[in-house]
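What follows is my_file.txt (compact mmCIF, C-alpha atoms).
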# COMPACT_ATOMS: atom_id res chain seq x y z
CA GLY A 18 -3.79 5.26 12.66
CA GLU A 19 -2.61 1.66 12.49
CA SER A 20 -0.80 1.34 9.20
CA VAL A 21 2.78 0.17 9.00
CA GLY A 22 5.49 2.42 7.58
CA LEU A 23 5.55 5.88 6.07
CA HIS A 24 7.69 5.47 2.94
CA LEU A 25 6.82 3.45 -0.13
CA PRO A 26 9.61 1.06 -1.12
CA THR A 27 10.13 0.55 -4.83
CA LEU A 28 11.05 -2.57 -6.74
CA SER A 29 12.18 -2.35 -10.35
CA VAL A 30 12.38 -5.53 -12.43
CA GLN A 31 12.91 -6.44 -16.05
CA GLU A 32 9.98 -7.81 -18.00
CA GLY A 33 10.03 -11.58 -17.84
CA ASP A 34 11.94 -11.76 -14.57
CA ASN A 35 10.40 -12.95 -11.31
CA SER A 36 9.43 -10.39 -8.67
CA ILE A 37 9.43 -10.85 -4.92
CA ILE A 38 7.64 -8.36 -2.72
CA ASN A 39 8.03 -8.62 1.02
CA CYS A 40 5.89 -7.57 3.93
CA ALA A 41 6.29 -7.67 7.70
CA TYR A 42 2.95 -7.92 9.46
CA SER A 43 2.17 -6.64 12.91
CA ASN A 44 -0.08 -9.01 14.84
CA SER A 45 0.96 -12.55 15.70
CA ALA A 46 -2.72 -13.41 16.27
CA SER A 47 -3.73 -12.52 12.71
CA ASP A 48 -5.34 -15.50 11.02
CA TYR A 49 -5.71 -14.43 7.42
CA PHE A 50 -3.53 -12.51 5.00
CA ILE A 51 -4.17 -10.98 1.63
CA TRP A 52 -2.19 -9.37 -1.15
CA TYR A 53 -3.76 -6.53 -3.10
CA LYS A 54 -2.70 -4.73 -6.26
CA GLN A 55 -3.58 -1.07 -6.69
CA GLU A 56 -3.26 0.69 -10.01
CA SER A 57 -3.34 4.44 -10.35
CA GLY A 58 -6.84 5.83 -9.90
CA LYS A 59 -8.34 2.54 -8.79
CA GLY A 60 -9.15 0.79 -5.55
CA PRO A 61 -7.10 -2.18 -4.36
CA GLN A 62 -7.74 -5.40 -6.23
CA PHE A 63 -7.51 -8.84 -4.59
CA ILE A 64 -4.63 -10.98 -5.84
CA ILE A 65 -4.25 -13.93 -3.49
CA ASP A 66 -4.87 -14.86 0.13
CA ILE A 67 -3.55 -17.32 2.66
CA ARG A 68 -4.75 -18.55 6.03
CA SER A 69 -2.45 -18.83 9.01
CA ASN A 70 -2.55 -22.63 8.98
CA MET A 71 -0.74 -22.64 5.64
CA ASP A 72 2.75 -21.53 4.68
CA LYS A 73 2.39 -21.42 0.90
CA ARG A 74 -0.34 -20.88 -1.62
CA GLN A 75 -0.14 -20.63 -5.37
CA GLY A 76 -2.31 -18.87 -7.88
CA GLN A 77 -1.93 -17.99 -11.51
CA ARG A 78 1.65 -16.62 -11.80
CA VAL A 79 1.59 -15.65 -8.12
CA THR A 80 2.69 -17.41 -4.96
CA VAL A 81 2.31 -16.22 -1.39
CA LEU A 82 4.62 -17.45 1.35
CA LEU A 83 3.88 -17.02 5.04
CA ASN A 84 6.47 -17.30 7.79
CA LYS A 85 4.67 -16.96 11.10
CA THR A 86 7.85 -17.34 13.13
CA VAL A 87 9.17 -13.99 11.93
CA LYS A 88 5.78 -12.52 10.94
CA HIS A 89 6.75 -12.24 7.30
CA LEU A 90 4.73 -12.50 4.13
CA SER A 91 5.99 -12.48 0.56
CA LEU A 92 4.41 -12.30 -2.86
CA GLN A 93 6.20 -13.87 -5.79
CA ILE A 94 5.16 -12.92 -9.31
CA ALA A 95 6.47 -15.17 -12.06
CA ALA A 96 7.41 -13.81 -15.48
CA THR A 97 6.57 -10.23 -14.55
CA GLN A 98 4.74 -8.26 -17.22
CA PRO A 99 4.33 -4.51 -17.79
CA GLY A 100 0.70 -4.85 -16.66
CA ASP A 101 1.97 -5.91 -13.25
CA SER A 102 3.28 -2.40 -12.60
CA ALA A 103 1.32 -1.12 -9.61
CA VAL A 104 1.48 -0.69 -5.86
CA TYR A 105 1.17 -3.94 -3.92
CA PHE A 106 -0.18 -4.11 -0.38
CA CYS A 107 -0.23 -6.90 2.11
CA ALA A 108 -3.08 -6.92 4.59
CA GLU A 109 -3.88 -8.91 7.71
CA ASN A 110 -7.13 -9.78 9.36
CA THR A 111 -6.50 -9.10 13.02
CA GLY A 112 -9.88 -10.32 14.21
CA GLY A 113 -12.82 -8.17 15.16
CA PHE A 114 -13.54 -7.44 11.51
CA LYS A 115 -10.58 -5.09 11.20
CA THR A 116 -8.08 -5.19 8.35
CA ILE A 117 -4.60 -3.71 8.74
CA PHE A 118 -2.65 -2.84 5.61
CA GLY A 119 1.08 -2.67 5.11
CA ALA A 120 2.73 0.42 3.66
CA GLY A 121 2.82 -0.94 0.13
CA THR A 122 5.55 -1.55 -2.44
CA ARG A 123 5.64 0.09 -5.85
CA LEU A 124 6.59 -2.33 -8.61
CA PHE A 125 8.05 -0.98 -11.85
CA VAL A 126 8.40 -3.36 -14.76
CA LYS A 127 10.91 -2.35 -17.41
CA ALA A 128 10.11 -3.44 -20.93
CA LYS B 217 -22.52 -8.56 -11.10
CA ALA B 218 -21.94 -4.83 -10.51
CA GLY B 219 -18.97 -3.89 -8.37
CA VAL B 220 -18.72 -1.57 -5.43
CA THR B 221 -19.69 1.97 -6.34
CA GLN B 222 -18.75 5.15 -4.53
CA THR B 223 -20.13 8.63 -4.97
CA PRO B 224 -19.01 11.23 -5.55
CA ARG B 225 -15.67 10.34 -7.13
CA TYR B 226 -14.14 13.75 -6.44
CA LEU B 227 -14.96 16.39 -3.91
CA ILE B 228 -13.47 19.72 -2.88
CA LYS B 229 -14.42 21.22 0.46
CA THR B 230 -13.12 23.99 2.67
CA ARG B 231 -11.94 23.71 6.24
CA GLY B 232 -14.71 23.58 8.77
CA GLN B 233 -17.29 22.15 6.39
CA GLN B 234 -18.69 18.67 6.62
CA VAL B 235 -18.92 15.99 3.96
CA THR B 236 -20.91 12.82 3.33
CA LEU B 237 -19.59 10.03 1.14
CA SER B 238 -21.66 7.14 -0.14
CA CYS B 239 -20.87 3.51 -0.87
CA SER B 240 -23.06 0.90 -2.53
CA PRO B 241 -21.78 -2.63 -1.94
CA ILE B 242 -21.93 -5.60 -4.27
CA SER B 243 -25.42 -7.06 -4.30
CA GLY B 244 -25.78 -9.56 -1.46
CA HIS B 245 -22.84 -8.24 0.54
CA ARG B 246 -23.81 -7.16 4.01
CA SER B 247 -20.46 -5.90 5.25
CA VAL B 248 -19.00 -2.53 4.32
CA SER B 249 -15.64 -1.29 5.52
CA TRP B 250 -14.21 2.18 5.07
CA TYR B 251 -10.56 3.15 4.71
CA GLN B 252 -8.61 6.37 4.42
CA GLN B 253 -5.62 6.37 2.07
CA THR B 254 -2.95 9.06 2.19
CA PRO B 255 0.62 9.12 0.88
CA GLY B 256 2.01 9.56 4.36
CA GLN B 257 -0.07 7.08 6.36
CA GLY B 258 -1.08 4.55 3.73
CA LEU B 259 -4.36 2.68 4.01
CA GLN B 260 -5.95 3.03 7.42
CA PHE B 261 -9.07 1.29 8.66
CA LEU B 262 -11.91 3.62 9.63
CA PHE B 263 -14.83 1.35 10.51
CA GLU B 264 -16.80 -1.71 9.49
CA TYR B 265 -20.56 -2.17 9.32
CA PHE B 266 -22.60 -5.32 9.04
CA SER B 267 -26.39 -5.36 8.91
CA GLU B 268 -26.55 -1.73 10.04
CA THR B 269 -24.29 -2.32 13.06
CA GLN B 270 -20.80 -0.93 13.49
CA ARG B 271 -18.66 -3.85 14.56
CA ASN B 272 -15.27 -2.19 14.74
CA LYS B 273 -13.70 1.22 14.51
CA GLY B 274 -10.18 2.41 13.81
CA ASN B 275 -8.23 5.10 15.63
CA PHE B 276 -9.86 8.17 14.17
CA PRO B 277 -11.42 11.13 15.96
CA GLY B 278 -15.14 11.35 16.53
CA ARG B 279 -15.46 13.72 13.58
CA PHE B 280 -15.46 10.59 11.45
CA SER B 281 -18.71 8.68 11.59
CA GLY B 282 -20.66 6.31 9.47
CA ARG B 283 -23.84 4.39 9.11
CA GLN B 284 -25.33 1.58 7.12
CA PHE B 285 -28.83 1.31 5.78
CA SER B 286 -31.11 -1.71 5.56
CA ASN B 287 -30.17 -2.19 1.90
CA SER B 288 -26.49 -2.40 2.99
CA ARG B 289 -25.58 0.92 1.40
CA SER B 290 -23.29 2.89 3.66
CA GLU B 291 -22.37 6.50 4.21
CA MET B 292 -19.50 8.07 6.06
CA ASN B 293 -19.49 11.59 7.35
CA VAL B 294 -16.62 13.84 8.30
CA SER B 295 -17.50 16.97 10.23
CA THR B 296 -15.40 20.09 10.79
CA LEU B 297 -13.04 19.22 7.99
CA GLU B 298 -9.31 19.78 8.44
CA LEU B 299 -6.61 20.04 5.78
CA GLY B 300 -5.26 16.69 6.94
CA ASP B 301 -8.51 15.00 5.98
CA SER B 302 -7.57 15.32 2.32
CA ALA B 303 -7.32 11.72 1.17
CA LEU B 304 -8.74 8.97 -0.95
CA TYR B 305 -11.61 7.34 0.92
CA LEU B 306 -12.18 3.75 -0.05
CA CYS B 307 -14.98 1.43 0.81
CA ALA B 308 -14.93 -2.33 0.50
CA SER B 309 -17.74 -4.83 0.69
CA SER B 310 -17.76 -8.49 1.59
CA LEU B 311 -20.25 -11.20 2.45
CA THR B 312 -19.11 -11.77 6.01
CA GLY B 313 -16.84 -8.89 6.92
CA GLY B 314 -13.28 -8.51 8.05
CA ALA B 315 -10.61 -9.03 5.45
CA TYR B 316 -12.35 -12.01 3.89
CA GLU B 317 -12.95 -11.53 0.18
CA GLN B 318 -13.19 -7.77 0.30
CA TYR B 319 -13.92 -5.96 -2.94
CA PHE B 320 -12.98 -2.33 -3.13
CA GLY B 321 -14.65 0.55 -4.86
CA PRO B 322 -12.70 3.17 -6.84
CA GLY B 323 -12.71 5.61 -3.95
CA THR B 324 -13.72 9.21 -3.38
CA ARG B 325 -10.92 11.74 -3.65
CA LEU B 326 -11.54 14.45 -1.02
CA THR B 327 -9.54 17.65 -1.13
CA VAL B 328 -9.86 20.09 1.76
CA THR B 329 -8.67 23.64 1.09
Full structure transcribed into structure tokens:
Amino acid sequence: GESVGLHLPTLSVQEGDNSIINCAYSNSASDYFIWYKQESGKGPQFIIDIRSNMDKRQGQRVTVLLNKTVKHLSLQIAATQPGDSAVYFCAENTGGFKTIFGAGTRLFVKA
Amino acid sequence: KAGVTQTPRYLIKTRGQQVTLSCSPISGHRSVSWYQQTPGQGLQFLFEYFSETQRNKGNFPGRFSGRQFSNSRSEMNVSTLELGDSALYLCASSLTGGAYEQYFGPGTRLTVT
């Protein structure tokens, strides 16, 4: 397969704090990146995306940063809430209609 | 607008059997992608279909196959099931394909015993 990583990193934050989830992507030619949130028993849900000609994009309480030099993507969640607890995946569009997902990060929000 | 639906939601099969999973995309979406999700390997791309044509395929053995119908509904088939095929199989639909604005279904949980 072509997924990155075997172990699921975990991030634990206090409710109300900001969360930063990081991702290293694999293909320097990838032109589009997405963050997904997956809750238990559900499929991944789109959070925010960014194209390779941008380095920052903001949504509601979320910001994605892209550093193409080091092939790094991050997701910032402001004022983290218990409902944000989930597994977060980054994904890249490598061209040829193929999407490659990162290993995922489990976010725990402590009330 | 109805989301992506997958049937069945849960399935138990024995080694050597074959299985067919179904995915109905969002109305108007012509691209369907399939993924396998396991704890050890994460989310892995299986294949993508657009207007009944497979446009890309991941690194899976030939036992994994798929097809898409004229109404954009898609099926994937796994023949000669192995224990390692136990996974959550997800499909995602989009208007144009690739990673662009993909919407995922809830998945089919396949257990091979």
Within 9 Å of A:Val104, counting all atoms listed in the file, which residues qualify if same-chain residues fewer than 6 places away don't, as a list in words? Leu25, Thr27, Tyr53, Lys54, Gln55, Glu56, Ser57, Pro61, Gly121, Thr122, Arg123, Leu124 and Phe125 of chain A
Please identify every residue of chain B that has at least one atom no more than 7 Å from any atom of chain A, counting only C-alpha atoms, and report them as a ChimeraX atom specification. /B:256-261,264,271-272,275-276,306,313-315,320-323
Figure out the distance between atom CA of B:Ser286 and atom CA of B:Pro224, please, to one decimal in Å. 20.9 Å
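Using all atoms listed in the file, the contacts of B:Val328 at a cut-off of 8 Å, with sequence neighbours closer than 2 positions omitted, comprise Ile228, Lys229, Thr230, Arg231, Leu297, Glu298, Leu299, Gly300, Asp301, Ser302 and Leu326 of chain B.
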Straight-line distance linking atom CA of A:Gln93 with atom CA of A:Leu28, stated in Å to one decimal: 12.3 Å
Non-local contacts of B:His245 (10 Å; only C-alpha atoms; under 5 positions in same chain excluded) as a VMD selection string: chain B and resid 220 240 266 to 267 287 to 289 308 to 313 318 to 319
Out of B:Arg225, B:Lys273, B:Arg279, B:Arg246, which residue has the shortest atom-to-atom distance to B:Ser295 when counting all atoms listed in the file? B:Arg279
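The coordinates place atom CA of B:Thr223 at 9.3 Å from atom CA of B:Thr236.
Omitting A:Ile94 and its sequence neighbours fewer than 6 positions away, and counting only C-alpha atoms, the residues within 7 Å are Asn35, Ser36, Ile37, Arg78, Val79 and Thr80 of chain A.
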Near A:Asp34, within 6 Å and counting all atoms listed in the file, which residues show up once chain neighbours fewer than 3 positions away are dropped, as number ranges by chain? A: 31, 96-97
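Proximity to A:Val126 was assessed for A:Leu90, A:Ala103, A:Leu82, A:Ala41 counting all atoms listed in the file; the smallest distance is recorded for A:Ala103.
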Could you rebuild stretch 318-329 of chain B with N, CA, C and O atoms and give me the result as a JSON list (two decimals), in the coordinates of the input?
[["chain", "number", "residue", "atom", "x", "y", "z"],
["B", 318, "GLN", "N", -12.76, -9.15, 0.42],
["B", 318, "GLN", "CA", -13.19, -7.77, 0.30],
["B", 318, "GLN", "C", -13.00, -7.30, -1.13],
["B", 318, "GLN", "O", -11.97, -7.56, -1.74],
["B", 319, "TYR", "N", -13.99, -6.58, -1.62],
["B", 319, "TYR", "CA", -13.92, -5.96, -2.94],
["B", 319, "TYR", "C", -14.03, -4.46, -2.75],
["B", 319, "TYR", "O", -14.95, -3.96, -2.12],
["B", 320, "PHE", "N", -13.06, -3.77, -3.33],
["B", 320, "PHE", "CA", -12.98, -2.33, -3.13],
["B", 320, "PHE", "C", -13.65, -1.55, -4.26],
["B", 320, "PHE", "O", -13.65, -1.97, -5.42],
["B", 321, "GLY", "N", -14.18, -0.40, -3.88],
["B", 321, "GLY", "CA", -14.65, 0.55, -4.86],
["B", 321, "GLY", "C", -13.50, 1.41, -5.35],
["B", 321, "GLY", "O", -12.37, 1.28, -4.87],
["B", 322, "PRO", "N", -13.77, 2.33, -6.28],
["B", 322, "PRO", "CA", -12.70, 3.17, -6.84],
["B", 322, "PRO", "C", -12.27, 4.31, -5.92],
["B", 322, "PRO", "O", -11.23, 4.92, -6.14],
["B", 323, "GLY", "N", -13.07, 4.57, -4.90],
["B", 323, "GLY", "CA", -12.71, 5.61, -3.95],
["B", 323, "GLY", "C", -13.31, 6.97, -4.26],
["B", 323, "GLY", "O", -13.74, 7.24, -5.38],
["B", 324, "THR", "N", -13.35, 7.79, -3.24],
["B", 324, "THR", "CA", -13.72, 9.21, -3.38],
["B", 324, "THR", "C", -12.50, 10.03, -3.00],
["B", 324, "THR", "O", -11.97, 9.88, -1.90],
["B", 325, "ARG", "N", -12.07, 10.87, -3.92],
["B", 325, "ARG", "CA", -10.92, 11.74, -3.65],
["B", 325, "ARG", "C", -11.43, 13.04, -3.03],
["B", 325, "ARG", "O", -12.10, 13.82, -3.69],
["B", 326, "LEU", "N", -11.12, 13.24, -1.75],
["B", 326, "LEU", "CA", -11.54, 14.45, -1.02],
["B", 326, "LEU", "C", -10.36, 15.40, -0.88],
["B", 326, "LEU", "O", -9.29, 14.99, -0.40],
["B", 327, "THR", "N", -10.55, 16.61, -1.30],
["B", 327, "THR", "CA", -9.54, 17.65, -1.13],
["B", 327, "THR", "C", -10.13, 18.74, -0.25],
["B", 327, "THR", "O", -11.22, 19.25, -0.53],
["B", 328, "VAL", "N", -9.42, 19.04, 0.84],
["B", 328, "VAL", "CA", -9.86, 20.09, 1.76],
["B", 328, "VAL", "C", -8.93, 21.28, 1.60],
["B", 328, "VAL", "O", -7.70, 21.14, 1.71],
["B", 329, "THR", "N", -9.50, 22.44, 1.31],
["B", 329, "THR", "CA", -8.67, 23.64, 1.09],
["B", 329, "THR", "C", -8.91, 24.67, 2.20],
["B", 329, "THR", "O", -9.90, 24.57, 2.95]]
